[in-house]
Structures are given as C-alpha cells and as structure tokens.
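So this one's protein_37.cif, mmCIF, C-alpha atoms:
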```
data_data
loop_
_atom_site.group_PDB
_atom_site.id
_atom_site.type_symbol
_atom_site.label_atom_id
_atom_site.label_comp_id
_atom_site.auth_asym_id
_atom_site.auth_seq_id
_atom_site.Cartn_x
_atom_site.Cartn_y
_atom_site.Cartn_z
ATOM 1 C CA MET A 342 -19.151 -1.231 21.350
ATOM 2 C CA LYS A 343 -20.879 -2.476 18.204
ATOM 3 C CA THR A 344 -19.213 -5.304 16.280
ATOM 4 C CA ARG A 345 -18.678 -3.056 13.249
ATOM 5 C CA ASP A 346 -16.840 -0.483 15.360
ATOM 6 C CA ARG A 347 -14.797 -3.207 17.054
ATOM 7 C CA ILE A 348 -13.751 -4.527 13.637
ATOM 8 C CA LEU A 349 -12.550 -1.075 12.628
ATOM 9 C CA GLN A 350 -10.710 -0.545 15.915
ATOM 10 C CA THR A 351 -9.032 -3.959 15.782
ATOM 11 C CA SER A 352 -8.140 -3.583 12.107
ATOM 12 C CA LEU A 353 -6.545 -0.197 12.708
ATOM 13 C CA ARG A 354 -4.433 -1.583 15.553
ATOM 14 C CA LEU A 355 -3.297 -4.625 13.547
ATOM 15 C CA PHE A 356 -2.592 -2.600 10.411
ATOM 16 C CA ASN A 357 -0.509 -0.145 12.435
ATOM 17 C CA GLU A 358 1.383 -2.850 14.322
ATOM 18 C CA CYS A 359 1.961 -5.354 11.516
ATOM 19 C CA GLY A 360 1.496 -3.431 8.273
ATOM 20 C CA GLU A 361 -1.660 -3.704 6.186
ATOM 21 C CA PRO A 362 -0.307 -6.244 3.625
ATOM 22 C CA ARG A 363 0.475 -8.721 6.440
ATOM 23 C CA VAL A 364 -3.028 -8.630 7.936
ATOM 24 C CA THR A 365 -5.911 -10.624 6.470
ATOM 25 C CA THR A 366 -9.582 -10.619 7.366
ATOM 26 C CA ASN A 367 -9.003 -14.004 9.019
ATOM 27 C CA HIS A 368 -6.341 -12.438 11.249
ATOM 28 C CA ILE A 369 -8.790 -9.719 12.233
ATOM 29 C CA ALA A 370 -11.551 -12.227 12.977
ATOM 30 C CA ASP A 371 -9.160 -14.406 15.020
ATOM 31 C CA GLU A 372 -7.977 -11.406 17.022
ATOM 32 C CA MET A 373 -11.590 -10.534 17.829
ATOM 33 C CA ASP A 374 -12.566 -14.155 18.480
ATOM 34 C CA ILE A 375 -15.399 -13.987 15.949
ATOM 35 C CA SER A 376 -16.084 -16.083 12.857
ATOM 36 C CA PRO A 377 -14.991 -14.859 9.406
ATOM 37 C CA GLY A 378 -18.653 -14.998 8.446
ATOM 38 C CA ASN A 379 -19.493 -12.524 11.197
ATOM 39 C CA LEU A 380 -16.836 -10.155 9.894
ATOM 40 C CA TYR A 381 -18.052 -10.522 6.297
ATOM 41 C CA TYR A 382 -21.558 -9.638 7.448
ATOM 42 C CA HIS A 383 -20.220 -6.145 8.196
ATOM 43 C CA PHE A 384 -17.477 -5.841 5.559
ATOM 44 C CA ARG A 385 -17.242 -7.772 2.285
ATOM 45 C CA ASN A 386 -13.453 -7.556 2.163
ATOM 46 C CA LYS A 387 -10.402 -5.864 3.636
ATOM 47 C CA ASP A 388 -10.512 -2.990 1.164
ATOM 48 C CA GLU A 389 -13.909 -1.952 2.555
ATOM 49 C CA ILE A 390 -12.362 -1.780 6.020
ATOM 50 C CA ILE A 391 -9.465 0.298 4.683
ATOM 51 C CA ALA A 392 -11.862 2.655 2.884
ATOM 52 C CA LEU A 393 -13.820 3.350 6.071
ATOM 53 C CA LEU A 394 -10.652 3.833 8.108
ATOM 54 C CA PHE A 395 -9.486 6.274 5.446
ATOM 55 C CA GLN A 396 -12.729 8.229 5.845
ATOM 56 C CA GLN A 397 -12.033 8.501 9.576
ATOM 57 C CA PHE A 398 -8.479 9.624 8.844
ATOM 58 C CA GLU A 399 -9.691 12.190 6.317
ATOM 59 C CA ARG A 400 -12.081 13.729 8.863
ATOM 60 C CA ARG A 401 -9.280 13.837 11.429
ATOM 61 C CA MET A 402 -6.948 15.577 8.979
ATOM 62 C CA GLU A 403 -9.670 17.983 7.899
ATOM 63 C CA ALA A 404 -9.931 19.182 11.495
ATOM 64 C CA ALA A 405 -6.131 19.345 11.882
ATOM 65 C CA LEU A 406 -5.655 21.425 8.735
ATOM 66 C CA GLN A 407 -7.851 24.357 9.744
ATOM 67 C CA ALA A 408 -5.972 27.646 9.574
ATOM 68 C CA PRO A 409 -7.219 30.646 11.608
ATOM 69 C CA GLU A 410 -9.834 32.591 9.650
ATOM 70 C CA ARG A 411 -10.538 35.688 11.765
ATOM 71 C CA ARG A 412 -6.993 36.693 12.663
ATOM 72 C CA VAL A 413 -3.464 36.627 11.288
ATOM 73 C CA PRO A 414 -1.786 33.252 11.995
ATOM 74 C CA ASP A 415 1.152 33.313 14.402
ATOM 75 C CA LEU A 416 4.067 31.026 15.242
ATOM 76 C CA GLU A 417 2.042 28.978 17.713
ATOM 77 C CA ASP A 418 -0.419 28.221 14.902
ATOM 78 C CA MET A 419 2.455 26.644 12.962
ATOM 79 C CA TRP A 420 3.383 24.591 16.011
ATOM 80 C CA LEU A 421 -0.222 23.486 16.560
ATOM 81 C CA TYR A 422 -0.604 22.671 12.871
ATOM 82 C CA LEU A 423 2.447 20.404 12.944
ATOM 83 C CA HIS A 424 1.431 18.789 16.229
ATOM 84 C CA LEU A 425 -2.066 17.911 14.999
ATOM 85 C CA VAL A 426 -0.909 16.735 11.573
ATOM 86 C CA PHE A 427 1.771 14.430 12.953
ATOM 87 C CA GLU A 428 -0.626 13.086 15.608
ATOM 88 C CA SER A 429 -3.147 12.233 12.883
ATOM 89 C CA ILE A 430 -0.469 10.564 10.788
ATOM 90 C CA TRP A 431 0.622 8.502 13.788
ATOM 91 C CA GLU A 432 -2.902 7.334 14.596
ATOM 92 C CA TYR A 433 -3.355 6.085 11.012
ATOM 93 C CA ARG A 434 0.289 5.365 10.263
ATOM 94 C CA PHE A 435 -0.438 2.170 8.308
ATOM 95 C CA LEU A 436 -1.743 4.399 5.497
ATOM 96 C CA TYR A 437 1.623 6.152 5.272
ATOM 97 C CA ARG A 438 3.709 3.027 5.713
ATOM 98 C CA ASP A 439 1.944 1.313 2.772
ATOM 99 C CA LEU A 440 0.918 4.482 0.953
ATOM 100 C CA ASP A 441 1.831 3.579 -2.644
ATOM 101 C CA ASN A 442 0.384 0.083 -2.358
ATOM 102 C CA ILE A 443 -2.936 1.279 -0.913
ATOM 103 C CA LEU A 444 -3.381 4.221 -3.282
ATOM 104 C CA ASN A 445 -2.502 2.179 -6.362
ATOM 105 C CA ARG A 446 -5.266 -0.286 -5.469
ATOM 106 C CA ASN A 447 -7.925 2.377 -5.031
ATOM 107 C CA LYS A 448 -8.210 5.385 -7.349
ATOM 108 C CA LYS A 449 -10.851 7.017 -5.153
ATOM 109 C CA LEU A 450 -8.540 7.000 -2.130
ATOM 110 C CA ARG A 451 -5.753 8.320 -4.343
ATOM 111 C CA THR A 452 -7.919 11.295 -5.305
ATOM 112 C CA HIS A 453 -8.871 11.957 -1.689
ATOM 113 C CA PHE A 454 -5.255 11.685 -0.524
ATOM 114 C CA ARG A 455 -4.236 14.181 -3.187
ATOM 115 C CA ARG A 456 -6.739 16.602 -1.671
ATOM 116 C CA ILE A 457 -5.174 16.045 1.751
ATOM 117 C CA LEU A 458 -1.752 16.871 0.298
ATOM 118 C CA GLU A 459 -3.166 20.054 -1.192
ATOM 119 C CA ARG A 460 -4.699 21.011 2.151
ATOM 120 C CA LYS A 461 -1.394 20.359 3.939
ATOM 121 C CA THR A 462 0.363 22.640 1.476
ATOM 122 C CA ASN A 463 -2.292 25.365 1.503
ATOM 123 C CA THR A 464 -2.520 25.486 5.293
ATOM 124 C CA ALA A 465 1.257 25.698 5.636
ATOM 125 C CA ALA A 466 1.317 28.498 3.036
ATOM 126 C CA THR A 467 -1.485 30.382 4.815
ATOM 127 C CA ILE A 468 0.365 30.272 8.120
ATOM 128 C CA CYS A 469 3.633 31.355 6.490
ATOM 129 C CA LYS A 470 1.876 34.260 4.774
ATOM 130 C CA GLY A 471 0.407 35.309 8.118
ATOM 131 C CA LEU A 472 3.829 35.193 9.753
ATOM 132 C CA THR A 473 5.224 37.319 6.927
ATOM 133 C CA GLU A 474 2.418 39.879 7.236
ATOM 134 C CA ALA A 475 3.060 40.069 10.977
ATOM 135 C CA GLY A 476 6.760 40.724 10.406
ATOM 136 C CA VAL A 477 7.737 37.496 12.146
ATOM 137 C CA MET A 478 8.967 35.950 8.913
ATOM 138 C CA ARG A 479 10.713 37.299 5.816
ATOM 139 C CA ALA A 480 9.934 35.392 2.634
ATOM 140 C CA THR A 481 8.830 36.108 -0.913
ATOM 141 C CA PRO A 482 5.649 34.511 -2.322
ATOM 142 C CA ASP A 483 7.800 32.073 -4.331
ATOM 143 C CA GLU A 484 9.771 31.124 -1.214
ATOM 144 C CA ILE A 485 6.552 30.584 0.754
ATOM 145 C CA ALA A 486 5.151 28.363 -2.013
ATOM 146 C CA ALA A 487 8.315 26.242 -2.076
ATOM 147 C CA LEU A 488 8.504 26.108 1.731
ATOM 148 C CA ALA A 489 4.860 25.006 2.009
ATOM 149 C CA GLN A 490 5.473 22.167 -0.440
ATOM 150 C CA ASN A 491 8.591 21.092 1.449
ATOM 151 C CA ILE A 492 6.594 21.048 4.692
ATOM 152 C CA ALA A 493 3.983 18.797 3.062
ATOM 153 C CA VAL A 494 6.685 16.465 1.727
ATOM 154 C CA VAL A 495 8.400 16.081 5.105
ATOM 155 C CA ALA A 496 5.105 15.564 6.939
ATOM 156 C CA THR A 497 4.005 12.918 4.432
ATOM 157 C CA TYR A 498 7.184 10.851 4.208
ATOM 158 C CA TRP A 499 8.893 11.456 7.544
ATOM 159 C CA LEU A 500 7.900 8.181 9.226
ATOM 160 C CA ASN A 501 9.068 6.130 6.246
ATOM 161 C CA PHE A 502 12.332 8.065 6.095
ATOM 162 C CA GLN A 503 13.001 7.517 9.785
ATOM 163 C CA GLY A 504 12.061 3.850 9.563
ATOM 164 C CA ILE A 505 14.564 3.244 6.767
ATOM 165 C CA ARG A 506 17.214 5.385 8.445
ATOM 166 C CA ALA A 507 16.842 3.578 11.770
ATOM 167 C CA GLY A 508 16.617 0.136 10.182
ATOM 168 C CA ALA A 509 13.203 -0.446 11.763
ATOM 169 C CA PRO A 510 9.672 -0.745 10.347
ATOM 170 C CA PRO A 511 8.440 2.696 9.217
ATOM 171 C CA GLY A 512 6.341 4.411 11.844
ATOM 172 C CA GLY A 513 7.487 2.069 14.572
ATOM 173 C CA ASP A 514 8.265 4.692 17.207
ATOM 174 C CA SER A 515 6.069 7.630 18.206
ATOM 175 C CA ALA A 516 9.212 9.583 19.137
ATOM 176 C CA ASN A 517 9.735 9.976 15.387
ATOM 177 C CA LEU A 518 6.824 12.403 15.375
ATOM 178 C CA ALA A 519 8.643 14.897 17.564
ATOM 179 C CA LEU A 520 11.675 14.633 15.312
ATOM 180 C CA GLY A 521 9.470 15.184 12.267
ATOM 181 C CA ALA A 522 7.885 18.297 13.731
ATOM 182 C CA TYR A 523 11.329 19.617 14.670
ATOM 183 C CA GLN A 524 12.610 18.908 11.156
ATOM 184 C CA VAL A 525 9.799 20.968 9.667
ATOM 185 C CA LEU A 526 10.533 23.814 12.069
ATOM 186 C CA ALA A 527 14.149 23.656 10.908
ATOM 187 C CA LEU A 528 12.880 24.389 7.391
ATOM 188 C CA VAL A 529 10.964 27.435 8.631
ATOM 189 C CA ALA A 530 13.587 28.793 11.054
ATOM 190 C CA PRO A 531 15.932 30.481 8.508
ATOM 191 C CA PHE A 532 13.054 32.721 7.394
ATOM 192 C CA LEU A 533 12.184 33.896 10.921
ATOM 193 C CA ASN A 534 13.434 36.962 12.758
ATOM 194 C CA GLY A 535 15.771 36.522 15.741
ATOM 195 C CA GLU A 536 13.113 36.502 18.468
ATOM 196 C CA ALA A 537 10.863 34.060 16.608
ATOM 197 C CA ARG A 538 13.799 31.809 15.826
ATOM 198 C CA GLN A 539 14.642 31.682 19.523
ATOM 199 C CA LEU A 540 11.043 30.708 20.274
ATOM 200 C CA ILE A 541 11.284 27.904 17.701
ATOM 201 C CA ARG A 542 14.394 26.579 19.435
ATOM 202 C CA GLN A 543 12.612 26.680 22.795
ATOM 203 C CA LEU A 544 9.513 24.946 21.421
ATOM 204 C CA GLY A 545 11.727 22.281 19.898
ATOM 205 C CA ARG A 546 13.519 21.658 23.184
ATOM 206 C CA ASP A 547 10.211 21.430 25.049
ATOM 207 C CA TYR A 548 8.678 19.090 22.468
ATOM 208 C CA LEU A 549 11.690 16.793 22.216
ATOM 209 C CA SER A 550 12.325 16.583 25.972
#
```
Can I see the file as structure tokens?
Amino acid sequence: MKTRDRILQTSLRLFNECGEPRVTTNHIADEMDISPGNLYYHFRNKDEIIALLFQQFERRMEAALQAPERRVPDLEDMWLYLHLVFESIWEYRFLYRDLDNILNRNKKLRTHFRRILERKTNTAATICKGLTEAGVMRATPDEIAALAQNIAVVATYWLNFQGIRAGAPPGGDSANLALGAYQVLALVAPFLNGEARQLIRQLGRDYLS
C-alpha cells in the first residue's frame, strides 16, 4: 500500500476511535512509525486529510443513495437504503461525531454535506412514493415530505443521540446502527398496510438478532 493511502487509512481509524479533535498529525505519524516530514510530504495539514476522507465518504454515500430507476421501489429497497446509509455513516463515523466542528471549519465540506442531506431526503421520498403507488403505503405528498425529512434527521444524528443516551462516546458501538435502522422503520411503519407492517417487524427482528 502506498504511503499516502496508509496515511488515509490510519487517519480514518484514529479519527473514528479517538475523535478527530484529539488526533494530531504527529499522532498519525507516530502510529505509522514515519516522520512528520514524511507525512507532510503527502498532506500539508490535517484538514487536507479530512477533505480527502470526506471525498471518499461522499462517493460511498452517492452509491448508497441510489433509488431504483426502472421499476417502482418496494419495501426491501427501503431496508437496503437504510442498511447502506448506516453502514457508510459507521465507516466514517468521525464525521458525524464531530460534524458541527468539521463543517464550521470548512465551508466547502459544509456545502457538500448539505447535498448529502438533500440526497438522503430525496431518496427516502422516492422510495416512499413508490410504496404508495404500489399500495403498500398510504400517505399524502405532505406526509411523505415530512417523513423523508424525519428519516434524514434520524440517520444523520442517530449515533450522537445514542452516544449521549448511553453515556458513551457517540458512535462507539456498531450495534447502534441496527437500532438506528429499526428506529427509522418505526417512523415508516404506521403508514404501511398490515402485511407490509408485519414484514417490517420481521426484518427488524432479523436485523437486531
């Protein structure tokens, strides 16, 4: 693996484990057993590392937020959407744990993260509209719009909420992802017909077991 890629991999691990504010470029260099000068040859500062990691995260989320284009979305699309989104959040959880701090330091990342929020909302709305068209879900356009925004809110802030609630560092336990996905499904369930609601319960049991 090239040194530049190793720096990114090590930085991501340390940021996730310790929190980005607690990790310096010297910590990263020490962890890799390289000189700070070697690290600075590839990255001028920590913000450059964060920016490149954010690009990786953005590509990962772009792939996760693809709604079906040639058919009507179904309930399993909602499940897959949640699974992929929460997996992406977990892999780059340092961004969510220190979200305000990171975005306030970098206006470009703030703009790009806003686009991710919009994609989260739009994909959720597209799937909900498909479920409504298929008769699996009963909801008005206004209800779908509000539900899609609520889904985006829960997906974005779930790890921080659970961290505070459990008295542990936000994003410290991957089991929180299953709970987050289940919480989102709980938002959707009241709009589903009886058979679909039963499937949601079964999917939740399978995912949480």
Given the file shown, enumerate the residues that the PyMOL selection byres ((chain A and resi 384) around 12) captures and present them as a compact mmCIF listing (two decimals) with C-alpha atoms, in the coordinates of the input.
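New file selection.txt:
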```
# COMPACT_ATOMS: atom_id res chain seq x y z
CA THR A 344 -19.21 -5.30 16.28
CA ARG A 345 -18.68 -3.06 13.25
CA ASP A 346 -16.84 -0.48 15.36
CA ILE A 348 -13.75 -4.53 13.64
CA LEU A 349 -12.55 -1.08 12.63
CA SER A 352 -8.14 -3.58 12.11
CA THR A 366 -9.58 -10.62 7.37
CA ILE A 369 -8.79 -9.72 12.23
CA ALA A 370 -11.55 -12.23 12.98
CA PRO A 377 -14.99 -14.86 9.41
CA GLY A 378 -18.65 -15.00 8.45
CA ASN A 379 -19.49 -12.52 11.20
CA LEU A 380 -16.84 -10.15 9.89
CA TYR A 381 -18.05 -10.52 6.30
CA TYR A 382 -21.56 -9.64 7.45
CA HIS A 383 -20.22 -6.14 8.20
CA ARG A 385 -17.24 -7.77 2.28
CA ASN A 386 -13.45 -7.56 2.16
CA LYS A 387 -10.40 -5.86 3.64
CA ASP A 388 -10.51 -2.99 1.16
CA GLU A 389 -13.91 -1.95 2.56
CA ILE A 390 -12.36 -1.78 6.02
CA ILE A 391 -9.46 0.30 4.68
CA ALA A 392 -11.86 2.66 2.88
CA LEU A 393 -13.82 3.35 6.07
```
Contact residues around A:Glu459 with all atoms listed in the file at 12 Å, ignoring same-chain residues under 3 positions, as an NGL selection string: :A and (402-403 or 406 or 452-456 or 462-466 or 486 or 489-490 or 492-494 or 497)
Could you give me, as a tab-separated table, a per-residue list for stretch 345-452 of chain A showing, wherever an atom lies at most 12 Å from an atom of stretch 524-539 of chain A, the closest pair of atoms and their distance in Å to one decimal, using only C-alpha atoms and sorting by chain then residue number from low to high?
```
residue	atom	partner	partner_atom	distance
A:Asp415	CA	A:Ala537	CA	10.0
A:Leu416	CA	A:Ala537	CA	7.6
A:Glu417	CA	A:Ala537	CA	10.2
A:Met419	CA	A:Leu526	CA	8.6
A:Trp420	CA	A:Leu526	CA	8.2
A:Leu421	CA	A:Leu526	CA	11.7
A:Tyr422	CA	A:Val525	CA	11.0
A:Leu423	CA	A:Val525	CA	8.1
A:His424	CA	A:Val525	CA	10.9
A:Val426	CA	A:Val525	CA	11.7
A:Phe427	CA	A:Val525	CA	10.9
```
Ground truth for the PyMOL selection byres ((chain A and resi 469) around 8), written as JSON, numbers by chain: {"A": [414, 465, 466, 467, 468, 470, 471, 472, 473, 478, 485, 489]}
Neighbour list for A:Ser429 as a PyMOL selection string, cut-off 8 Å, only C-alpha atoms, skip fewer than 6 positions in-chain: chain A and resi 398+401-402+405
Gap from atom CA of A:Asn501 to atom CA of A:Ala519 - Å, one decimal: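 Calculated distance between atom CA of A:Asn501 and atom CA of A:Ala519 is 14.3 Å.
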Give, as AutoDock Vina command-line options, the centre coordinates and the x, y and z edge lengths in Å to one decimal for an axis-aligned box around all listed atoms of stretch 389-399 of chain A, padded by 8 Å on each side.
```
--center_x -11.2 --center_y 5.1 --center_z 6.1 --size_x 21.4 --size_y 30.1 --size_z 23.0
```
Selection: 12 Å around A:Asp441, only C-alpha atoms, excl. self and same-chain fewer than 3 positions, as number ranges by chain: A: 361-362, 435-438, 444-448, 450-451, 454, 497-498, 501
Distance of atom CA of A:Arg412 from atom CA of A:Ile541, expressed in Å to one decimal place: 20.9 Å
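Counting all atoms listed in the file and comparing A:Ile375, A:Asp439, A:Leu425, A:Glu484, the residue that lies closest to A:Arg363 is A:Asp439.
Straight-line separation from atom CA of A:Arg434 to atom CA of A:Asn357: 6.0 Å.
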